[in-house]
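Undergrad: Before we start, here is the structure in question, set down as structure tokens.
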Amino acid sequence: MNSNPDLARHHGLEGEALVASLHNRFAHRLALVSSFGAESVVLLHMVACVDQAIAVIFLDTGKHFWQTGYYRSKIIDLLGLKDVRIIRPHTGDVTLLDPHGTLSGSDPDACCDLRKVRPLERALAGFDAVLSGRKRYHGEGRDQLAGVSLDDKGRVKGEPLAGYDAAAIAGYLKRHGLPPHPLIEQGYFSIGCADCTQRGGTADNPRAGRWAGQDKTECGIHPSADGRLVRNQQSGV
Ligand code: SF4
């Protein structure tokens, strides 16, 4: 059992039960960060089942597929989400650091820092707990993902879908009649910014189309307290 009481109380929970437990503890100081991507609707649905007023943060990098904007609007209406916050990078930062919009090609880490990491840190001010939809089956360093952990700012990080695999995601979508992102039928398994997302991937390796051909696998918005992804060895959750 984890000795940190803010982690221990949520020990062994996953899915909607973990969302409910974190909401019970943190109430309006809990937020979900969602890309409204390929599998996002599962966690968005769980959050809406617990409380439609939970804050949902979407990082509008200015680089998303137009289909993601369409899908975001559709899901907000479908689930009745009441507090979706569309967060953009500072115009001054973009003008200074990426005036031609080409930084993703020359320095993707700097681009993610400009368009994701900095805006998210501003957006999370005032929140003490945050939900994300990462899963161990996605691999690429996520295979040891903890169900609950602390991020580098001391916030509680909940990963309700950590133990979900492709079959569990598909089953949840089917059970609840949730609509897929429109790019899935075009061969995308994981959907981020258009500059850095290609068709491809497989059910077992859905993120293969993200930053394809590069060493980069993460955008930098998930720093843990110790810089690692650590799985709870006792529960696997
Ligand atoms: S995913 Fe690509 S386009 Fe999006 S912020 Fe990161 S480097 Fe820039």
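Residue names in the structure tokens use chain letters A, B, ... in the order shown, residue numbers from 1 in each chain, and ligand numbers from 1 in the order shown.
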As a quick test: using only C-alpha atoms and all ligand atoms, which residues lie no more than 7 Å away from ligand 1? Give them as a VMD selection string.
TA: chain A and resid 61 63 103 to 104 108 to 109 111 to 112 115 to 116 192 to 196 219
Undergrad: Identify all residues of range 63-171 of chain A in strand (DSSP E or B) (DSSP on the backbone) and supply them as a PyMOL selection string.
TA: chain A and resi 64+84-87+129-131+148-151+156-158
Undergrad: Need the shell around Ala31 in chain A: protein/DNA/RNA residues with any atom at most 12 Å away, counting only C-alpha atoms. Skip same-chain ones fewer than 3 positions apart. Format as a PyMOL selection string?
TA: chain A and resi 19+22-23+26-28+34+43-44+47-48+51-58+83-85+120+123-132+155-158
Undergrad: What does the file look like for those residues with C-alpha atoms, as a compact mmCIF listing (two decimals), in the first residue's frame?
TA:
# COMPACT_ATOMS: atom_id res chain seq x y z
CA VAL A 19 -12.86 8.90 -11.27
CA LEU A 22 -10.87 11.31 -6.99
CA HIS A 23 -13.96 13.47 -7.48
CA PHE A 26 -11.00 16.78 -4.77
CA ALA A 27 -14.41 17.94 -6.15
CA HIS A 28 -13.90 21.09 -8.27
CA SER A 34 -8.36 15.19 -22.98
CA LEU A 43 -12.80 8.45 -20.15
CA LEU A 44 -14.94 11.44 -21.10
CA VAL A 47 -16.25 11.53 -16.17
CA ALA A 48 -19.69 12.61 -17.40
CA ASP A 51 -20.25 14.66 -12.78
CA GLN A 52 -20.77 16.53 -16.05
CA ALA A 53 -19.32 19.63 -14.40
CA ILE A 54 -15.83 18.19 -13.95
CA ALA A 55 -13.44 20.51 -15.79
CA VAL A 56 -12.16 19.10 -19.10
CA ILE A 57 -9.03 20.73 -20.53
CA PHE A 58 -8.38 20.52 -24.28
CA ASP A 83 -16.95 22.88 -18.31
CA VAL A 84 -14.74 22.21 -21.34
CA ARG A 85 -11.82 24.64 -21.40
CA LEU A 120 -1.31 23.16 -19.70
CA ALA A 123 -4.55 25.77 -17.23
CA LEU A 124 -3.89 23.48 -14.25
CA ALA A 125 -3.26 26.31 -11.80
CA GLY A 126 -5.75 25.79 -8.98
CA PHE A 127 -6.26 22.08 -9.62
CA ASP A 128 -4.89 19.53 -7.16
CA ALA A 129 -5.70 16.37 -9.11
CA VAL A 130 -5.73 15.56 -12.80
CA LEU A 131 -7.04 12.66 -14.87
CA SER A 132 -5.51 11.36 -18.07
CA ARG A 155 -0.71 16.96 -7.98
CA VAL A 156 -2.42 13.60 -7.77
CA LYS A 157 -2.47 12.02 -11.23
CA GLY A 158 -5.21 9.48 -11.92
Undergrad: Fewer than 6 positions away in the same chain doesn't count, so skip those; otherwise give me all residues within 10 Å of Tyr164 in chain A, counting only C-alpha atoms, as a ChimeraX atom specification.
TA: /A:14-15,133-138,170,172
Undergrad: Taking into account only C-alpha atoms, which residue in the set A:Asn24, A:Asn4, A:Thr102, A:Gln186 is nearest to Gly62 in chain A?
TA: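 Once distances to Gly62 in chain A are computed over only C-alpha atoms, the minimum belongs to A:Thr102.
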Undergrad: Rounded to one decimal place, report the CA of His45 in chain A-CA of Ile86 in chain A distance in Å.
TA: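 Taking CA of His45 in chain A as the start and CA of Ile86 in chain A as the end point, the length is 18.2 Å.
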